[in-house]
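The structure file input.cif is reproduced below (mmCIF, C-alpha atoms).
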```cif
data_start
#
loop_
_atom_site.group_PDB
_atom_site.id
_atom_site.type_symbol
_atom_site.label_atom_id
_atom_site.label_comp_id
_atom_site.auth_asym_id
_atom_site.auth_seq_id
_atom_site.Cartn_x
_atom_site.Cartn_y
_atom_site.Cartn_z
ATOM 1 C CA MET A 1 15.951 9.571 -73.067
ATOM 2 C CA ILE A 2 13.231 12.151 -73.639
ATOM 3 C CA PHE A 3 12.167 10.180 -76.714
ATOM 4 C CA PHE A 4 11.844 7.033 -74.635
ATOM 5 C CA PHE A 5 9.489 8.836 -72.237
ATOM 6 C CA ILE A 6 7.363 10.216 -75.064
ATOM 7 C CA PHE A 7 7.020 6.850 -76.772
ATOM 8 C CA ALA A 8 6.455 4.935 -73.538
ATOM 9 C CA VAL A 9 3.765 7.273 -72.260
ATOM 10 C CA ILE A 10 1.889 7.274 -75.563
ATOM 11 C CA ALA A 11 2.193 3.475 -75.767
ATOM 12 C CA ILE A 12 0.828 2.959 -72.251
ATOM 13 C CA VAL A 13 -2.033 5.428 -72.734
ATOM 14 C CA SER A 14 -3.075 3.900 -76.034
ATOM 15 C CA ALA A 15 -2.765 0.369 -74.626
ATOM 16 C CA ALA A 16 -5.081 1.387 -71.805
ATOM 17 C CA GLY A 17 -7.389 2.778 -74.481
ATOM 18 C CA VAL A 18 -7.527 -0.632 -76.176
ATOM 19 C CA VAL A 19 -8.958 -2.153 -73.031
ATOM 20 C CA THR A 20 -11.209 0.673 -71.887
ATOM 21 C CA LEU A 21 -12.762 1.985 -75.100
ATOM 22 C CA LYS A 22 -16.256 0.785 -75.837
ATOM 23 C CA ASN A 23 -16.278 0.738 -79.615
ATOM 24 C CA PRO A 24 -14.041 -2.004 -81.132
ATOM 25 C CA VAL A 25 -13.071 0.284 -84.040
ATOM 26 C CA HIS A 26 -11.658 2.815 -81.579
ATOM 27 C CA SER A 27 -9.817 -0.035 -79.871
ATOM 28 C CA VAL A 28 -8.200 -1.071 -83.144
ATOM 29 C CA LEU A 29 -7.080 2.503 -83.863
ATOM 30 C CA SER A 30 -5.680 2.812 -80.355
ATOM 31 C CA LEU A 31 -3.820 -0.468 -80.799
ATOM 32 C CA MET A 32 -2.404 0.898 -84.045
ATOM 33 C CA VAL A 33 -0.998 3.924 -82.202
ATOM 34 C CA CYS A 34 0.487 1.580 -79.576
ATOM 35 C CA PHE A 35 2.202 -0.593 -82.194
ATOM 36 C CA LEU A 36 3.631 2.444 -83.965
ATOM 37 C CA GLN A 37 5.122 3.609 -80.670
ATOM 38 C CA MET A 38 6.622 0.146 -80.211
ATOM 39 C CA ALA A 39 8.201 0.386 -83.663
ATOM 40 C CA ALA A 40 9.696 3.731 -82.614
ATOM 41 C CA LEU A 41 11.068 2.061 -79.476
ATOM 42 C CA PHE A 42 12.658 -0.608 -81.665
ATOM 43 C CA VAL A 43 14.382 2.166 -83.618
ATOM 44 C CA LEU A 44 15.659 3.541 -80.308
ATOM 45 C CA LEU A 45 16.996 0.065 -79.518
ATOM 46 C CA ARG A 46 19.019 0.022 -82.776
ATOM 47 C CA SER A 47 16.972 -2.620 -84.538
ATOM 48 C CA PRO A 48 15.509 -0.830 -87.571
ATOM 49 C CA PHE A 49 14.733 -4.032 -89.444
ATOM 50 C CA LEU A 50 12.474 -5.169 -86.640
ATOM 51 C CA ALA A 51 10.764 -1.781 -86.567
ATOM 52 C CA VAL A 52 10.008 -2.064 -90.269
ATOM 53 C CA VAL A 53 8.708 -5.608 -89.782
ATOM 54 C CA GLN A 54 6.541 -4.380 -86.916
ATOM 55 C CA VAL A 55 5.043 -1.608 -89.048
ATOM 56 C CA PHE A 56 4.487 -3.862 -92.058
ATOM 57 C CA VAL A 57 3.161 -6.949 -90.310
ATOM 58 C CA TYR A 58 1.169 -5.457 -87.451
ATOM 59 C CA VAL A 59 0.027 -2.059 -88.655
ATOM 60 C CA GLY A 60 -0.161 -3.084 -92.281
ATOM 61 C CA ALA A 61 -1.577 -6.573 -92.097
ATOM 62 C CA VAL A 62 -2.891 -7.643 -88.714
ATOM 63 C CA LEU A 63 -4.763 -4.473 -87.760
ATOM 64 C CA VAL A 64 -6.180 -4.081 -91.258
ATOM 65 C CA LEU A 65 -7.436 -7.662 -90.900
ATOM 66 C CA PHE A 66 -9.007 -6.730 -87.572
ATOM 67 C CA LEU A 67 -10.660 -3.665 -89.102
ATOM 68 C CA PHE A 68 -11.888 -5.741 -92.031
ATOM 69 C CA VAL A 69 -13.481 -8.310 -89.746
ATOM 70 C CA ILE A 70 -15.051 -5.623 -87.548
ATOM 71 C CA MET A 71 -16.507 -3.876 -90.578
ATOM 72 C CA MET A 72 -17.732 -7.193 -91.974
ATOM 73 C CA LEU A 73 -19.486 -8.270 -88.801
ATOM 74 C CA ASP A 74 -22.299 -6.258 -87.377
ATOM 75 C CA ILE A 75 -20.880 -4.927 -84.160
ATOM 76 C CA ARG A 76 -23.598 -2.522 -83.113
ATOM 77 C CA GLN A 77 -25.473 -5.044 -81.037
ATOM 78 C CA ALA A 78 -22.236 -6.411 -79.594
ATOM 79 C CA SER A 79 -20.862 -3.026 -78.585
ATOM 80 C CA MET A 80 -24.104 -2.109 -76.877
ATOM 81 C CA THR A 81 -23.862 -5.021 -74.461
ATOM 82 C CA ARG A 82 -22.678 -4.790 -70.915
ATOM 83 C CA PHE A 83 -19.133 -3.506 -70.585
ATOM 84 C CA ILE A 84 -17.922 -5.767 -67.801
ATOM 85 C CA SER A 85 -19.768 -8.902 -66.899
ATOM 86 C CA GLY A 86 -20.720 -9.641 -63.327
ATOM 87 C CA GLY A 87 -18.705 -11.716 -60.901
ATOM 88 C CA PHE A 88 -15.330 -10.226 -61.713
ATOM 89 C CA SER A 89 -13.995 -9.847 -58.182
ATOM 90 C CA TRP A 90 -11.736 -12.891 -58.538
ATOM 91 C CA ILE A 91 -10.369 -11.368 -61.766
ATOM 92 C CA ILE A 92 -9.466 -8.181 -59.893
ATOM 93 C CA ALA A 93 -7.826 -10.271 -57.180
ATOM 94 C CA LEU A 94 -5.862 -12.160 -59.828
ATOM 95 C CA LEU A 95 -4.711 -8.909 -61.433
ATOM 96 C CA VAL A 96 -3.640 -7.486 -58.066
ATOM 97 C CA ILE A 97 -1.635 -10.653 -57.390
ATOM 98 C CA LEU A 98 -0.018 -10.359 -60.834
ATOM 99 C CA VAL A 99 0.925 -6.705 -60.285
ATOM 100 C CA ALA A 100 2.363 -7.489 -56.850
ATOM 101 C CA GLU A 101 4.360 -10.329 -58.337
ATOM 102 C CA MET A 102 5.752 -8.107 -61.091
ATOM 103 C CA VAL A 103 6.702 -5.371 -58.609
ATOM 104 C CA PHE A 104 8.363 -7.901 -56.316
ATOM 105 C CA ILE A 105 10.386 -9.507 -59.101
ATOM 106 C CA LEU A 106 11.410 -6.174 -60.620
ATOM 107 C CA SER A 107 12.460 -4.763 -57.257
ATOM 108 C CA ARG A 108 14.685 -7.790 -56.638
ATOM 109 C CA SER A 109 16.276 -7.809 -60.075
ATOM 110 C CA LYS A 110 19.742 -6.475 -60.871
ATOM 111 C CA PHE A 111 18.998 -4.933 -64.243
ATOM 112 C CA ALA A 112 18.937 -1.329 -63.077
ATOM 113 C CA ASP A 113 22.567 -0.492 -63.779
ATOM 114 C CA MET A 114 22.992 -2.731 -66.803
ATOM 115 C CA THR A 115 24.652 -1.084 -69.782
ATOM 116 C CA VAL A 116 25.692 -2.117 -73.255
ATOM 117 C CA ALA A 117 28.221 -4.940 -73.176
ATOM 118 C CA THR A 118 30.356 -4.018 -76.175
ATOM 119 C CA PRO A 119 28.887 -0.940 -77.808
ATOM 120 C CA GLY A 120 28.668 -0.524 -81.529
ATOM 121 C CA ARG A 121 29.084 -4.172 -82.461
ATOM 122 C CA LEU A 122 25.500 -4.870 -83.426
ATOM 123 C CA ASP A 123 23.321 -2.740 -85.653
ATOM 124 C CA GLY A 124 20.355 -4.982 -86.358
ATOM 125 C CA THR A 125 20.546 -4.289 -90.061
ATOM 126 C CA VAL A 126 18.976 -6.446 -92.720
ATOM 127 C CA LYS A 127 22.370 -7.957 -93.531
ATOM 128 C CA GLU A 128 23.028 -9.198 -90.005
ATOM 129 C CA MET A 129 19.483 -10.480 -89.598
ATOM 130 C CA GLY A 130 19.579 -12.256 -92.949
ATOM 131 C CA ILE A 131 22.895 -13.939 -92.213
ATOM 132 C CA ALA A 132 21.628 -15.073 -88.819
ATOM 133 C CA LEU A 133 18.291 -16.290 -90.170
ATOM 134 C CA PHE A 134 19.738 -18.233 -93.093
ATOM 135 C CA THR A 135 22.682 -19.880 -91.360
ATOM 136 C CA LYS A 136 22.218 -20.416 -87.663
ATOM 137 C CA TYR A 137 18.433 -20.303 -87.501
ATOM 138 C CA LEU A 138 17.610 -21.952 -90.818
ATOM 139 C CA LEU A 139 15.525 -24.789 -89.374
ATOM 140 C CA PRO A 140 13.272 -22.540 -87.211
ATOM 141 C CA PHE A 141 12.936 -20.209 -90.197
ATOM 142 C CA GLU A 142 11.665 -23.031 -92.412
ATOM 143 C CA ILE A 143 9.364 -24.315 -89.661
ATOM 144 C CA ILE A 144 7.896 -20.848 -89.234
ATOM 145 C CA SER A 145 7.249 -20.625 -92.963
ATOM 146 C CA MET A 146 5.396 -23.947 -92.796
ATOM 147 C CA ILE A 147 3.360 -22.610 -89.863
ATOM 148 C CA LEU A 148 2.410 -19.560 -91.927
ATOM 149 C CA LEU A 149 1.378 -21.770 -94.846
ATOM 150 C CA VAL A 150 -0.764 -23.970 -92.598
ATOM 151 C CA ALA A 151 -2.363 -20.890 -91.012
ATOM 152 C CA LEU A 152 -3.132 -19.511 -94.477
ATOM 153 C CA LEU A 153 -4.805 -22.765 -95.524
ATOM 154 C CA GLY A 154 -6.701 -22.958 -92.242
ATOM 155 C CA ALA A 155 -7.975 -19.409 -92.601
ATOM 156 C CA ILE A 156 -9.177 -20.124 -96.143
ATOM 157 C CA VAL A 157 -10.927 -23.337 -95.094
ATOM 158 C CA LEU A 158 -12.559 -21.661 -92.092
ATOM 159 C CA GLY A 159 -13.653 -18.650 -94.104
ATOM 160 C CA LYS A 160 -15.520 -20.618 -96.734
ATOM 161 C CA LYS A 161 -19.250 -20.314 -96.863
ATOM 162 C CA GLU A 162 -20.202 -23.887 -96.121
ATOM 163 C CA LEU A 163 -18.220 -25.971 -93.657
ATOM 164 C CA ARG A 164 -18.713 -29.408 -95.178
ATOM 165 C CA MET B 1 21.358 6.166 -71.947
ATOM 166 C CA VAL B 2 18.089 4.545 -70.980
ATOM 167 C CA PRO B 3 18.628 1.743 -68.447
ATOM 168 C CA VAL B 4 17.231 -1.629 -69.387
ATOM 169 C CA SER B 5 15.017 -1.764 -66.322
ATOM 170 C CA TRP B 6 12.800 0.976 -67.770
ATOM 171 C CA TYR B 7 12.162 -1.134 -70.817
ATOM 172 C CA ILE B 8 11.293 -4.059 -68.531
ATOM 173 C CA ILE B 9 8.918 -1.850 -66.534
ATOM 174 C CA LEU B 10 7.243 -0.583 -69.720
ATOM 175 C CA SER B 11 6.929 -4.138 -70.985
ATOM 176 C CA SER B 12 5.426 -5.410 -67.739
ATOM 177 C CA VAL B 13 2.929 -2.520 -67.647
ATOM 178 C CA LEU B 14 1.814 -3.363 -71.169
ATOM 179 C CA PHE B 15 1.659 -7.052 -70.234
ATOM 180 C CA ILE B 16 -0.582 -6.301 -67.262
ATOM 181 C CA ILE B 17 -2.854 -4.081 -69.376
ATOM 182 C CA GLY B 18 -3.145 -6.891 -71.923
ATOM 183 C CA THR B 19 -3.905 -9.447 -69.231
ATOM 184 C CA ALA B 20 -6.585 -7.155 -67.807
ATOM 185 C CA GLY B 21 -8.089 -6.890 -71.271
ATOM 186 C CA VAL B 22 -8.160 -10.659 -71.703
ATOM 187 C CA LEU B 23 -9.703 -11.224 -68.286
ATOM 188 C CA LEU B 24 -12.112 -8.294 -68.024
ATOM 189 C CA ARG B 25 -13.525 -7.706 -71.480
ATOM 190 C CA ARG B 26 -16.152 -10.024 -72.887
ATOM 191 C CA ASN B 27 -15.976 -8.927 -76.507
ATOM 192 C CA ILE B 28 -13.974 -11.574 -78.349
ATOM 193 C CA LEU B 29 -12.340 -9.038 -80.680
ATOM 194 C CA ILE B 30 -11.000 -7.049 -77.736
ATOM 195 C CA VAL B 31 -9.709 -10.290 -76.207
ATOM 196 C CA LEU B 32 -7.776 -11.049 -79.409
ATOM 197 C CA MET B 33 -6.345 -7.530 -79.479
ATOM 198 C CA SER B 34 -5.230 -7.890 -75.872
ATOM 199 C CA VAL B 35 -3.423 -11.113 -76.751
ATOM 200 C CA GLU B 36 -1.593 -9.157 -79.462
ATOM 201 C CA LEU B 37 -0.673 -6.556 -76.851
ATOM 202 C CA ILE B 38 0.784 -9.263 -74.589
ATOM 203 C CA LEU B 39 2.889 -10.694 -77.419
ATOM 204 C CA ASN B 40 4.184 -7.225 -78.258
ATOM 205 C CA SER B 41 5.187 -6.511 -74.681
ATOM 206 C CA VAL B 42 7.253 -9.690 -74.766
ATOM 207 C CA ASN B 43 8.822 -8.435 -78.005
ATOM 208 C CA ILE B 44 9.913 -5.232 -76.291
ATOM 209 C CA ASN B 45 11.678 -7.315 -73.636
ATOM 210 C CA LEU B 46 13.390 -9.479 -76.243
ATOM 211 C CA VAL B 47 14.642 -6.522 -78.267
ATOM 212 C CA ALA B 48 15.794 -4.613 -75.181
ATOM 213 C CA PHE B 49 17.836 -7.561 -73.949
ATOM 214 C CA SER B 50 19.147 -8.131 -77.446
ATOM 215 C CA TYR B 51 20.429 -4.558 -77.490
ATOM 216 C CA TYR B 52 21.881 -4.572 -74.015
ATOM 217 C CA HIS B 53 23.659 -7.891 -74.493
ATOM 218 C CA GLN B 54 24.628 -6.992 -78.085
ATOM 219 C CA ASP B 55 23.313 -10.358 -79.183
ATOM 220 C CA LEU B 56 21.184 -10.999 -82.231
ATOM 221 C CA ARG B 57 19.183 -13.868 -80.751
ATOM 222 C CA GLY B 58 16.567 -11.633 -79.162
ATOM 223 C CA GLN B 59 15.739 -9.971 -82.456
ATOM 224 C CA VAL B 60 15.568 -13.305 -84.280
ATOM 225 C CA PHE B 61 13.190 -14.722 -81.692
ATOM 226 C CA SER B 62 11.090 -11.598 -81.747
ATOM 227 C CA ILE B 63 10.695 -12.062 -85.518
ATOM 228 C CA PHE B 64 9.479 -15.586 -84.789
ATOM 229 C CA VAL B 65 7.040 -14.212 -82.204
ATOM 230 C CA ILE B 66 5.693 -11.702 -84.747
ATOM 231 C CA THR B 67 5.218 -14.495 -87.288
ATOM 232 C CA VAL B 68 3.410 -16.758 -84.860
ATOM 233 C CA ALA B 69 1.194 -13.834 -83.814
ATOM 234 C CA ALA B 70 0.294 -13.144 -87.438
ATOM 235 C CA ALA B 71 -0.600 -16.807 -88.018
ATOM 236 C CA GLU B 72 -2.622 -16.850 -84.821
ATOM 237 C CA VAL B 73 -4.597 -13.779 -85.871
ATOM 238 C CA ALA B 74 -5.358 -15.246 -89.297
ATOM 239 C CA VAL B 75 -6.670 -18.504 -87.855
ATOM 240 C CA ALA B 76 -8.499 -16.815 -84.976
ATOM 241 C CA LEU B 77 -10.321 -14.390 -87.247
ATOM 242 C CA GLY B 78 -11.301 -17.281 -89.537
ATOM 243 C CA ILE B 79 -12.716 -19.137 -86.545
ATOM 244 C CA LEU B 80 -14.454 -15.940 -85.435
ATOM 245 C CA ILE B 81 -16.137 -15.427 -88.795
ATOM 246 C CA ALA B 82 -17.322 -19.053 -88.869
ATOM 247 C CA LEU B 83 -18.593 -18.696 -85.305
ATOM 248 C CA VAL B 84 -20.503 -15.482 -85.963
ATOM 249 C CA ARG B 85 -21.954 -16.905 -89.160
ATOM 250 C CA ASN B 86 -23.249 -19.964 -87.323
ATOM 251 C CA LYS B 87 -24.325 -18.561 -83.971
ATOM 252 C CA ALA B 88 -24.159 -14.751 -84.119
ATOM 253 C CA ALA B 89 -22.273 -14.602 -80.840
ATOM 254 C CA LEU B 90 -19.478 -12.121 -80.157
ATOM 255 C CA ASN B 91 -19.558 -12.474 -76.394
ATOM 256 C CA VAL B 92 -17.247 -15.055 -74.885
ATOM 257 C CA ASP B 93 -19.822 -15.855 -72.207
ATOM 258 C CA GLU B 94 -22.307 -16.986 -74.835
ATOM 259 C CA ILE B 95 -19.858 -19.372 -76.488
ATOM 260 C CA ARG B 96 -20.152 -22.510 -74.426
ATOM 261 C CA THR B 97 -20.069 -25.343 -76.916
ATOM 262 C CA MET B 98 -17.556 -26.302 -79.566
ATOM 263 C CA LYS B 99 -20.158 -27.646 -81.973
ATOM 264 C CA GLY B 100 -20.630 -25.401 -84.981
#
```
Take the structure I supplied and represent it as structure tokens, if you would.
Amino acid sequence: MIFFFIFAVIAIVSAAGVVTLKNPVHSVLSLMVCFLQMAALFVLLRSPFLAVVQVFVYVGAVLVLFLFVIMMLDIRQASMTRFISGGFSWIIALLVILVAEMVFILSRSKFADMTVATPGRLDGTVKEMGIALFTKYLLPFEIISMILLVALLGAIVLGKKELR
Amino acid sequence: MVPVSWYIILSSVLFIIGTAGVLLRRNILIVLMSVELILNSVNINLVAFSYYHQDLRGQVFSIFVITVAAAEVAVALGILIALVRNKAALNVDEIRTMKG
């Protein structure tokens, strides 16, 4: 339980840092800390395979891609611009409505005393995940691989020098 | 034993922070990072319910969410590079037209 508090507090603080920090490089590093805390939470939730996937895909691939793009573009002029644009009162109102909605729904929910249904049955190991992915969820698995292939081709086409 | 409602509260806090980032920041890179934050908060919910119901479906769907997020980032950063190369605009207020 103490581990949950540590991870949750660090995750929330670093997620707030993503939004509030001025330099995009600092935002990416803060997001990296947040994702590592989420991987630790996945370990707490007995799904180590998902934690490894989180570390590999997000921290290893996605955030490195973000850092690469930030380093490639010239961000000095962009990070010197105004932090928050004008006319954001309706955005604040929208956020307040969203927070009130979340609080209302969570206060009415019945999840507070929910415990594990049948403990010890599921471990989230690679074996269980592989069996589930290749038997019951084979069609979504193949569709997701096609989506990745299409995204790869699209990124290559968009990244070429001349769009002709 | 951590009750599942704490995971839901943590996930909703992260979701609201991500939404605030999408709505308040004008830097397009920060907006993309906030979208990633939103997707990850949903992942926390999925994995928490998967653990508390002892059902593998939540973890499988969270793997699908991670994959879709990775594809989205690849395409979005490609679009971003093309956009900056053509117009030199990183601010979402300056991007008004879809012509390259």
Would you give me, as JSON lines, each residue of chain B having an atom within 6 Å of an atom of chain A, along with its shortest atom pair and that distance in Å to one decimal, using all atoms listed in the file and sorting by chain and residue number?
```
{"residue": "B:Val2", "atom": "CA", "partner": "A:Met1", "partner_atom": "CA", "distance": 5.8}
{"residue": "B:Ser5", "atom": "CA", "partner": "A:Ala112", "partner_atom": "CA", "distance": 5.1}
{"residue": "B:Gly21", "atom": "CA", "partner": "A:Val19", "partner_atom": "CA", "distance": 5.1}
{"residue": "B:Tyr52", "atom": "CA", "partner": "A:Val116", "partner_atom": "CA", "distance": 4.6}
{"residue": "B:His53", "atom": "CA", "partner": "A:Ala117", "partner_atom": "CA", "distance": 5.6}
{"residue": "B:Gln54", "atom": "CA", "partner": "A:Leu122", "partner_atom": "CA", "distance": 5.8}
{"residue": "B:Ala71", "atom": "CA", "partner": "A:Ala151", "partner_atom": "CA", "distance": 5.4}
{"residue": "B:Ala74", "atom": "CA", "partner": "A:Ala155", "partner_atom": "CA", "distance": 5.9}
{"residue": "B:Val75", "atom": "CA", "partner": "A:Ala155", "partner_atom": "CA", "distance": 5.0}
{"residue": "B:Gly78", "atom": "CA", "partner": "A:Ala155", "partner_atom": "CA", "distance": 5.0}
```
Write out, as an mmCIF file, in the coordinates of the input, the residues just selected, with C-alpha atoms.
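As written to disk, out38.cif reads:
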```cif
data_model
loop_
_atom_site.group_PDB
_atom_site.id
_atom_site.type_symbol
_atom_site.label_atom_id
_atom_site.label_comp_id
_atom_site.auth_asym_id
_atom_site.auth_seq_id
_atom_site.Cartn_x
_atom_site.Cartn_y
_atom_site.Cartn_z
ATOM 1 C CA VAL B 2 18.089 4.545 -70.980
ATOM 2 C CA SER B 5 15.017 -1.764 -66.322
ATOM 3 C CA GLY B 21 -8.089 -6.890 -71.271
ATOM 4 C CA TYR B 52 21.881 -4.572 -74.015
ATOM 5 C CA HIS B 53 23.659 -7.891 -74.493
ATOM 6 C CA GLN B 54 24.628 -6.992 -78.085
ATOM 7 C CA ALA B 71 -0.600 -16.807 -88.018
ATOM 8 C CA ALA B 74 -5.358 -15.246 -89.297
ATOM 9 C CA VAL B 75 -6.670 -18.504 -87.855
ATOM 10 C CA GLY B 78 -11.301 -17.281 -89.537
#
```
d(atom CA of A:Met71, atom CA of B:Asn86) in Å: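 Between atom CA of A:Met71 and atom CA of B:Asn86 the gap is 17.7 Å.
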Distance of atom CA of A:Val33 from atom CA of A:Ser14, expressed in Å to one decimal place: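 Pair atom CA of A:Ser14 / atom CA of A:Val33 returns 6.5 Å.
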Point-to-point distance in Å for atom CA of B:Pro3 and atom CA of B:Ile44: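 Atom CA of B:Pro3 lies 13.6 Å from atom CA of B:Ile44.
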